[in-house]
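Data block below; observations after.
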Number of protein chains: 2
Amino acid sequence: MSTAKGVRARARIEVTAAIKDEARRQLAADGASKLSLRAVARELGMVSSALYRYFPSRDDLLTALIIDAYDSLGEAAEAAHAEAGDVAPARRWVAVCEAVRGWALAHPHEYALIYGSPVPGYTAPETTIPPAARVGVLFIGIVRDAYQRRGVARTPVPAELEPEARRMAADLAPDLPPEAVVALVAAWSQLYGLVGFELFGQFNRVVEDRAAFFRHAAARLADGVGLVFP
Amino acid sequence: MSTAKGVRARARIEVTAAIKDEARRQLAADGASKLSLRAVARELGMVSSALYRYFPSRDDLLTALIIDAYDSLGEAAEAAHAEAGDVAPARRWVAVCEAVRGWALAHPHEYALIYGSPVPGYTAPETTIPPAARVGVLFIGIVRDAYQRRGVARTPVPAELEPEARRMAADLAPDLPPEAVVALVAAWSQLYGLVGFELFGQFNRVVEDRAAFFRHAAARLADGVGLVFP
DNA sequence: CGCAAGCAAGAGCAGCGCTCTCGATTGTGT
DNA sequence: ACACAATCGAGAGCGCTGCTCTTGCTTGCG
């Protein structure tokens, strides 16, 4: 039935979505810390206290937006990966990196929400973990594919890191060599250094042609992971 | 004279410092967005309006804290560099990276203030540029030193990036090869990806032995810049 | 059909950044 | 040396925030 579960449940879903939409609008306009429950309620023509029936606190609304942001980013990355098709893993790696950058530039405040400083006094709940992992999983898949095709160039890790490297590989990708997993995780985090610096103005007066700079840096990141360009 | 400029000017300096100290305390305790002018004033035994004689707005207080944070980080990095002495540039590079990480772990909220998402609606004034550049300048010096001693390993940049690479080199370090400057800037930003991910919890359930992981990643960063370990 | 659950509305509390006014104190030019 | 100007702390107040509690109306299940 289209009205299964009754009018009330349907209304709840719609109102919840409307709240998130309006909140996302304000987030994109003014940033996370200016997001106001009262303003959202006002814009929706309801009184502020009514909003607490849907989100028990401002932080809960933010959490919902965070999950959506992770999913939106993950979707963009996966779409770019799919669109790249069956090209060499190194090229797919760069395509995903550029998708991450593109999404960040298009949604700066949402990017700041998930990869900038966590909202003070706020710790993300478990629910955010799976969507947050999507881009990482994608990278693992690319490296795995490269490894299965013709192997990856390996850079040995120092002795002090060997146990940790084995533990990481066991947790994240048991079929990949530990050195590759270490390189992968490092490159993964470094990607967000590149994106964050561009987004938060650290490249002002330093890098001008940021698209070209990023493309090159992403390719070198791929290189560092052991992917080769044909 | 020790009382030159009169009692009033002296008092102003002391009160300004007291305000910044208390603000820094609250920043370290609860983060930037919970920093409240009223709470600072309360703690200092003054009324909130009196505080506006010293900082015209909350953002101005934050700006003062940002500059101090950049200087504190720069100082820590420079101290680590000096302490490393005359070892190989690659080792000094890693020492500075570890100093940045150490400072960030010791001052998480101040790190978030300067390298996390910028406080929404707030754009840093020109005054913050020189202190913000200190760590970068340090890295340039290290690479320059390596270059003058025995050269650096160069990775060519693609044709599309060549003009920008030349421009960056002319701006930042005219005596260094453009490829090295590009690699340097990339590594510089990537360092903050590593640090930020550890600090903001992105490494939870991914990397456990973070010190060893970081040391290795920093060494590989140095490698990417063309520095060689003896 | 009746009763419990779900819901919007309104009032209210404590906190915030910021402004303005009012005396008191301090520094300076004549 | 004295008067005038600049500086400062205190207090009241404005409009905003997140959040709570109570009051009725609406919906849906037994």
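Every chain in the structure tokens takes a letter, A first, then B, and so on in the order presented; its residues are numbered from 1, and the ligands are numbered from 1 following the presented order.
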Discussion item. What are the residues of chain D lining chain A at 8 Å or less? Count only C-alpha atoms (C1' of nucleotides), and put the answer as a list in words.
Written reply: DT17, DG18 and DT27 of chain D
Practice prompt. Starting from chain B, keep only residues with some atom at most 6 Å from an atom of chain A, counting only C-alpha atoms, and report them as a list in words.
Written response: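 Every residue of chain B that passes the 6 Å test is in Gly31, Ala112, Gly116, Ser117, Pro120, Leu161, Ser189, Gln190, Tyr192, Gly193, Leu194 and Ala212 of chain B.
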Please, could you write that set of residues out with all heavy atoms as a CSV table (one decimal), in the first residue's frame?
```csv
chain,number,residue,atom,x,y,z
B,31,GLY,N,36.9,23.7,23.3
B,31,GLY,CA,36.9,23.9,21.9
B,31,GLY,C,36.4,25.3,21.5
B,31,GLY,O,35.8,26.0,22.3
B,112,ALA,N,42.8,22.4,15.8
B,112,ALA,CA,41.5,22.4,15.0
B,112,ALA,C,41.2,23.9,14.6
B,112,ALA,O,40.7,24.1,13.6
B,112,ALA,CB,40.4,21.9,15.9
B,116,GLY,N,41.7,23.0,11.2
B,116,GLY,CA,40.4,22.3,11.0
B,116,GLY,C,39.6,23.3,10.1
B,116,GLY,O,40.1,24.2,9.5
B,117,SER,N,38.3,23.1,10.1
B,117,SER,CA,37.4,24.0,9.4
B,117,SER,C,37.5,25.4,10.0
B,117,SER,O,37.5,25.5,11.2
B,117,SER,CB,36.0,23.5,9.5
B,117,SER,OG,35.8,22.5,10.4
B,120,PRO,N,33.1,29.2,11.0
B,120,PRO,CA,32.1,29.6,10.0
B,120,PRO,C,31.9,31.1,10.0
B,120,PRO,O,31.8,31.8,11.0
B,120,PRO,CB,30.9,28.9,10.4
B,120,PRO,CG,31.3,27.7,11.1
B,120,PRO,CD,32.6,28.1,11.8
B,161,LEU,N,51.3,21.2,-15.9
B,161,LEU,CA,51.6,21.8,-14.6
B,161,LEU,C,52.9,22.7,-14.6
B,161,LEU,O,53.2,23.4,-13.7
B,161,LEU,CB,51.8,20.7,-13.5
B,161,LEU,CG,51.9,21.2,-12.0
B,161,LEU,CD1,50.7,22.0,-11.6
B,161,LEU,CD2,52.0,20.0,-11.1
B,189,SER,N,51.2,19.8,2.5
B,189,SER,CA,49.7,19.7,2.8
B,189,SER,C,49.4,18.3,3.2
B,189,SER,O,48.5,18.1,4.0
B,189,SER,CB,49.0,20.1,1.5
B,189,SER,OG,49.0,19.0,0.5
B,190,GLN,N,50.0,17.3,2.7
B,190,GLN,CA,49.7,15.9,3.0
B,190,GLN,C,50.0,15.6,4.4
B,190,GLN,O,49.4,14.7,5.1
B,190,GLN,CB,50.4,14.9,2.0
B,190,GLN,CG,49.8,15.0,0.6
B,190,GLN,CD,50.7,14.3,-0.4
B,190,GLN,OE1,51.7,13.6,-0.1
B,190,GLN,NE2,50.4,14.5,-1.7
B,192,TYR,N,49.5,17.4,6.9
B,192,TYR,CA,48.3,17.8,7.7
B,192,TYR,C,47.2,16.9,7.5
B,192,TYR,O,46.2,16.8,8.3
B,192,TYR,CB,48.0,19.2,7.4
B,192,TYR,CG,49.1,20.2,7.9
B,192,TYR,CD1,50.1,20.6,7.1
B,192,TYR,CD2,49.1,20.6,9.3
B,192,TYR,CE1,51.1,21.4,7.6
B,192,TYR,CE2,50.1,21.4,9.7
B,192,TYR,CZ,51.1,21.8,8.9
B,192,TYR,OH,52.1,22.6,9.4
B,193,GLY,N,47.2,16.1,6.4
B,193,GLY,CA,46.2,15.0,6.3
B,193,GLY,C,46.4,13.9,7.3
B,193,GLY,O,45.5,13.5,8.0
B,194,LEU,N,47.7,13.5,7.4
B,194,LEU,CA,48.1,12.5,8.4
B,194,LEU,C,47.7,12.9,9.8
B,194,LEU,O,47.1,12.2,10.5
B,194,LEU,CB,49.6,12.2,8.2
B,194,LEU,CG,50.0,11.4,7.0
B,194,LEU,CD1,51.5,11.6,6.9
B,194,LEU,CD2,49.7,10.0,7.2
B,212,ALA,N,54.4,4.9,15.2
B,212,ALA,CA,55.2,4.2,14.2
B,212,ALA,C,54.7,4.4,12.8
B,212,ALA,O,55.5,4.7,11.9
B,212,ALA,CB,55.2,2.7,14.5
```
Return the neighbours of chain B among the residues of chain C, cut-off 8 Å, counting only C-alpha atoms (C1' of nucleotides), as a tab-separated table (two decimals) with all heavy atoms, in the first residue's frame.
```tsv
chain	number	residue	atom	x	y	z
C	16	DC	P	27.43	32.13	28.82
C	16	DC	OP1	28.70	31.39	28.78
C	16	DC	OP2	27.21	33.21	29.82
C	16	DC	O5'	27.13	32.71	27.37
C	16	DC	C5'	27.25	31.87	26.24
C	16	DC	C4'	26.75	32.60	25.00
C	16	DC	O4'	25.35	32.91	25.16
C	16	DC	C3'	27.40	33.94	24.78
C	16	DC	O3'	28.60	33.77	24.06
C	16	DC	C2'	26.35	34.67	23.92
C	16	DC	C1'	25.03	34.02	24.34
C	16	DC	N1	24.13	34.91	25.13
C	16	DC	C2	23.31	35.82	24.48
C	16	DC	O2	23.35	35.88	23.24
C	16	DC	N3	22.49	36.62	25.20
C	16	DC	C4	22.48	36.52	26.54
C	16	DC	N4	21.66	37.32	27.22
C	16	DC	C5	23.33	35.59	27.23
C	16	DC	C6	24.13	34.82	26.49
C	17	DG	P	29.70	34.89	23.97
C	17	DG	OP1	30.94	34.27	23.48
C	17	DG	OP2	29.70	35.60	25.27
C	17	DG	O5'	29.12	35.88	22.86
C	17	DG	C5'	29.01	35.45	21.52
C	17	DG	C4'	28.48	36.57	20.68
C	17	DG	O4'	27.20	36.99	21.20
C	17	DG	C3'	29.36	37.82	20.68
C	17	DG	O3'	29.42	38.36	19.37
C	17	DG	C2'	28.67	38.74	21.68
C	17	DG	C1'	27.21	38.37	21.51
C	17	DG	N9	26.44	38.57	22.73
C	17	DG	C8	26.76	38.14	23.99
C	17	DG	N7	25.89	38.48	24.90
C	17	DG	C5	24.92	39.19	24.19
C	17	DG	C6	23.73	39.81	24.64
C	17	DG	O6	23.28	39.87	25.79
C	17	DG	N1	23.04	40.41	23.60
C	17	DG	C2	23.44	40.42	22.29
C	17	DG	N2	22.65	41.05	21.42
C	17	DG	N3	24.55	39.84	21.86
C	17	DG	C4	25.25	39.25	22.86
C	26	DT	P	43.53	55.82	39.05
C	26	DT	OP1	44.23	54.56	39.32
C	26	DT	OP2	43.53	56.92	40.03
C	26	DT	O5'	44.05	56.38	37.66
C	26	DT	C5'	43.97	55.56	36.49
C	26	DT	C4'	44.29	56.38	35.26
C	26	DT	O4'	43.27	57.38	35.06
C	26	DT	C3'	45.63	57.14	35.30
C	26	DT	O3'	46.41	56.71	34.22
C	26	DT	C2'	45.23	58.60	35.20
C	26	DT	C1'	43.87	58.51	34.50
C	26	DT	N1	42.95	59.66	34.73
C	26	DT	C2	42.52	60.39	33.65
C	26	DT	O2	42.86	60.15	32.49
C	26	DT	N3	41.65	61.42	33.95
C	26	DT	C4	41.19	61.77	35.20
C	26	DT	O4	40.42	62.71	35.35
C	26	DT	C5	41.68	60.96	36.29
C	26	DT	C7	41.25	61.26	37.69
C	26	DT	C6	42.54	59.96	36.01
```
Worksheet item: Skipping near chain neighbours, those fewer than 6 positions away, what residues fall within 12 Å of B:Val152 using only C-alpha atoms (C1' of nucleotides), listed as number ranges by chain?
Response: B: 89-90, 142-146, 176-181, 183-184, 222-229
Filtering to N, CA and C atoms, could you give me those residues as a JSON list (two decimals), in the first residue's frame?
```
[["chain", "number", "residue", "atom", "x", "y", "z"],
["B", 89, "PRO", "N", 69.27, 16.12, 5.90],
["B", 89, "PRO", "CA", 67.99, 16.83, 5.73],
["B", 89, "PRO", "C", 66.78, 15.92, 5.86],
["B", 90, "ALA", "N", 66.87, 14.70, 5.35],
["B", 90, "ALA", "CA", 65.72, 13.79, 5.44],
["B", 90, "ALA", "C", 65.35, 13.54, 6.90],
["B", 142, "ILE", "N", 64.88, 23.23, 4.68],
["B", 142, "ILE", "CA", 65.45, 21.88, 4.72],
["B", 142, "ILE", "C", 65.74, 21.38, 3.31],
["B", 143, "VAL", "N", 64.75, 21.57, 2.43],
["B", 143, "VAL", "CA", 64.94, 21.10, 1.05],
["B", 143, "VAL", "C", 66.06, 21.89, 0.37],
["B", 144, "ARG", "N", 66.10, 23.18, 0.64],
["B", 144, "ARG", "CA", 67.17, 24.00, 0.05],
["B", 144, "ARG", "C", 68.54, 23.48, 0.51],
["B", 145, "ASP", "N", 68.63, 23.19, 1.76],
["B", 145, "ASP", "CA", 69.88, 22.68, 2.31],
["B", 145, "ASP", "C", 70.28, 21.38, 1.61],
["B", 146, "ALA", "N", 69.29, 20.49, 1.47],
["B", 146, "ALA", "CA", 69.58, 19.22, 0.80],
["B", 146, "ALA", "C", 70.01, 19.45, -0.65],
["B", 176, "LEU", "N", 65.31, 26.85, -6.11],
["B", 176, "LEU", "CA", 65.06, 25.41, -6.17],
["B", 176, "LEU", "C", 64.41, 25.05, -7.51],
["B", 177, "PRO", "N", 64.63, 23.83, -7.96],
["B", 177, "PRO", "CA", 63.96, 23.38, -9.19],
["B", 177, "PRO", "C", 62.46, 23.31, -8.98],
["B", 178, "PRO", "N", 61.68, 23.75, -9.96],
["B", 178, "PRO", "CA", 60.22, 23.78, -9.83],
["B", 178, "PRO", "C", 59.62, 22.45, -9.40],
["B", 179, "GLU", "N", 60.14, 21.35, -9.91],
["B", 179, "GLU", "CA", 59.58, 20.04, -9.53],
["B", 179, "GLU", "C", 59.70, 19.82, -8.03],
["B", 180, "ALA", "N", 60.83, 20.27, -7.48],
["B", 180, "ALA", "CA", 61.04, 20.08, -6.04],
["B", 180, "ALA", "C", 60.04, 20.92, -5.24],
["B", 181, "VAL", "N", 59.77, 22.12, -5.72],
["B", 181, "VAL", "CA", 58.83, 22.99, -5.01],
["B", 181, "VAL", "C", 57.43, 22.39, -5.03],
["B", 183, "ALA", "N", 56.66, 19.21, -5.31],
["B", 183, "ALA", "CA", 56.66, 18.05, -4.42],
["B", 183, "ALA", "C", 56.63, 18.49, -2.96],
["B", 184, "LEU", "N", 57.33, 19.57, -2.68],
["B", 184, "LEU", "CA", 57.39, 20.09, -1.32],
["B", 184, "LEU", "C", 56.03, 20.56, -0.84],
["B", 222, "ALA", "N", 59.21, 12.57, 3.03],
["B", 222, "ALA", "CA", 60.55, 13.11, 2.75],
["B", 222, "ALA", "C", 61.07, 12.51, 1.45],
["B", 223, "ASP", "N", 60.87, 11.23, 1.31],
["B", 223, "ASP", "CA", 61.30, 10.54, 0.10],
["B", 223, "ASP", "C", 60.63, 11.14, -1.13],
["B", 224, "GLY", "N", 59.36, 11.43, -1.01],
["B", 224, "GLY", "CA", 58.63, 12.00, -2.13],
["B", 224, "GLY", "C", 59.13, 13.38, -2.53],
["B", 225, "VAL", "N", 59.71, 14.08, -1.56],
["B", 225, "VAL", "CA", 60.24, 15.41, -1.84],
["B", 225, "VAL", "C", 61.63, 15.31, -2.46],
["B", 226, "GLY", "N", 62.20, 14.11, -2.42],
["B", 226, "GLY", "CA", 63.51, 13.92, -3.03],
["B", 226, "GLY", "C", 64.65, 13.88, -2.03],
["B", 227, "LEU", "N", 64.29, 13.89, -0.75],
["B", 227, "LEU", "CA", 65.34, 13.79, 0.26],
["B", 227, "LEU", "C", 65.75, 12.33, 0.41],
["B", 228, "VAL", "N", 67.02, 12.10, 0.65],
["B", 228, "VAL", "CA", 67.49, 10.72, 0.78],
["B", 228, "VAL", "C", 68.02, 10.44, 2.18],
["B", 229, "PHE", "N", 67.73, 9.24, 2.64],
["B", 229, "PHE", "CA", 68.24, 8.83, 3.95],
["B", 229, "PHE", "C", 69.60, 8.18, 3.76]]
```
Worksheet item: Can you tell me how far atom C1' of D:DG24 sits from atom CA of A:Val40, in Å to one decimal?
Response: 24.6 Å
Set the distance at 12 Å and use only C-alpha atoms (C1' of nucleotides): which residues neighbour D:DC2 once local chain neighbours fewer than 6 positions away are removed? I'd like the list as a PDB file with all heavy atoms, in the first residue's frame.
```pdb
ATOM      1  P    DT C  28      50.082  61.065  28.798  1.00  0.00           P
ATOM      2  OP1  DT C  28      50.539  60.447  27.545  1.00  0.00           O
ATOM      3  OP2  DT C  28      51.016  61.261  29.940  1.00  0.00           O
ATOM      4  O5'  DT C  28      49.405  62.477  28.473  1.00  0.00           O
ATOM      5  C5'  DT C  28      48.260  62.528  27.619  1.00  0.00           C
ATOM      6  C4'  DT C  28      47.845  63.976  27.383  1.00  0.00           C
ATOM      7  O4'  DT C  28      47.101  64.482  28.530  1.00  0.00           O
ATOM      8  C3'  DT C  28      48.992  64.968  27.169  1.00  0.00           C
ATOM      9  O3'  DT C  28      48.594  65.902  26.175  1.00  0.00           O
ATOM     10  C2'  DT C  28      49.134  65.633  28.522  1.00  0.00           C
ATOM     11  C1'  DT C  28      47.673  65.697  28.958  1.00  0.00           C
ATOM     12  N1   DT C  28      47.442  65.819  30.427  1.00  0.00           N
ATOM     13  C2   DT C  28      46.479  66.680  30.900  1.00  0.00           C
ATOM     14  O2   DT C  28      45.785  67.355  30.181  1.00  0.00           O
ATOM     15  N3   DT C  28      46.348  66.701  32.256  1.00  0.00           N
ATOM     16  C4   DT C  28      47.093  65.965  33.176  1.00  0.00           C
ATOM     17  O4   DT C  28      46.890  66.058  34.382  1.00  0.00           O
ATOM     18  C5   DT C  28      48.083  65.079  32.608  1.00  0.00           C
ATOM     19  C7   DT C  28      48.932  64.241  33.529  1.00  0.00           C
ATOM     20  C6   DT C  28      48.221  65.050  31.275  1.00  0.00           C
ATOM     21  P    DG C  29      49.778  66.543  25.266  1.00  0.00           P
ATOM     22  OP1  DG C  29      49.797  65.710  24.052  1.00  0.00           O
ATOM     23  OP2  DG C  29      51.019  66.770  26.042  1.00  0.00           O
ATOM     24  O5'  DG C  29      49.175  67.982  24.913  1.00  0.00           O
ATOM     25  C5'  DG C  29      47.764  68.111  24.657  1.00  0.00           C
ATOM     26  C4'  DG C  29      47.258  69.465  25.124  1.00  0.00           C
ATOM     27  O4'  DG C  29      47.117  69.455  26.567  1.00  0.00           O
ATOM     28  C3'  DG C  29      48.183  70.642  24.807  1.00  0.00           C
ATOM     29  O3'  DG C  29      47.387  71.791  24.504  1.00  0.00           O
ATOM     30  C2'  DG C  29      48.961  70.848  26.112  1.00  0.00           C
ATOM     31  C1'  DG C  29      47.901  70.487  27.149  1.00  0.00           C
ATOM     32  N9   DG C  29      48.436  69.963  28.403  1.00  0.00           N
ATOM     33  C8   DG C  29      49.512  69.116  28.558  1.00  0.00           C
ATOM     34  N7   DG C  29      49.745  68.807  29.799  1.00  0.00           N
ATOM     35  C5   DG C  29      48.753  69.488  30.517  1.00  0.00           C
ATOM     36  C6   DG C  29      48.505  69.527  31.905  1.00  0.00           C
ATOM     37  O6   DG C  29      49.119  68.946  32.809  1.00  0.00           O
ATOM     38  N1   DG C  29      47.408  70.336  32.209  1.00  0.00           N
ATOM     39  C2   DG C  29      46.653  71.012  31.279  1.00  0.00           C
ATOM     40  N2   DG C  29      45.640  71.741  31.745  1.00  0.00           N
ATOM     41  N3   DG C  29      46.881  70.986  29.974  1.00  0.00           N
ATOM     42  C4   DG C  29      47.944  70.206  29.666  1.00  0.00           C
ATOM     43  P    DT C  30      48.103  73.122  23.953  1.00  0.00           P
ATOM     44  OP1  DT C  30      47.382  73.489  22.722  1.00  0.00           O
ATOM     45  OP2  DT C  30      49.568  72.922  23.934  1.00  0.00           O
ATOM     46  O5'  DT C  30      47.744  74.173  25.090  1.00  0.00           O
ATOM     47  C5'  DT C  30      46.372  74.418  25.431  1.00  0.00           C
ATOM     48  C4'  DT C  30      46.284  75.182  26.750  1.00  0.00           C
ATOM     49  O4'  DT C  30      46.827  74.374  27.817  1.00  0.00           O
ATOM     50  C3'  DT C  30      47.055  76.499  26.771  1.00  0.00           C
ATOM     51  O3'  DT C  30      46.208  77.534  27.256  1.00  0.00           O
ATOM     52  C2'  DT C  30      48.208  76.252  27.727  1.00  0.00           C
ATOM     53  C1'  DT C  30      47.616  75.212  28.651  1.00  0.00           C
ATOM     54  N1   DT C  30      48.603  74.329  29.342  1.00  0.00           N
ATOM     55  C2   DT C  30      48.509  74.154  30.701  1.00  0.00           C
ATOM     56  O2   DT C  30      47.661  74.668  31.383  1.00  0.00           O
ATOM     57  N3   DT C  30      49.461  73.309  31.229  1.00  0.00           N
ATOM     58  C4   DT C  30      50.485  72.663  30.551  1.00  0.00           C
ATOM     59  O4   DT C  30      51.288  71.947  31.134  1.00  0.00           O
ATOM     60  C5   DT C  30      50.525  72.892  29.137  1.00  0.00           C
ATOM     61  C7   DT C  30      51.586  72.256  28.311  1.00  0.00           C
ATOM     62  C6   DT C  30      49.589  73.716  28.601  1.00  0.00           C
TER      63       DT C  30
END
```
Item to complete: May I have the residues within 10 Å of B:Ala84 as a VMD selection string, using only C-alpha atoms (C1' of nucleotides) and disregarding those fewer than 5 positions away in the same chain?
Response: chain B and resid 78 to 79 89 91 to 96
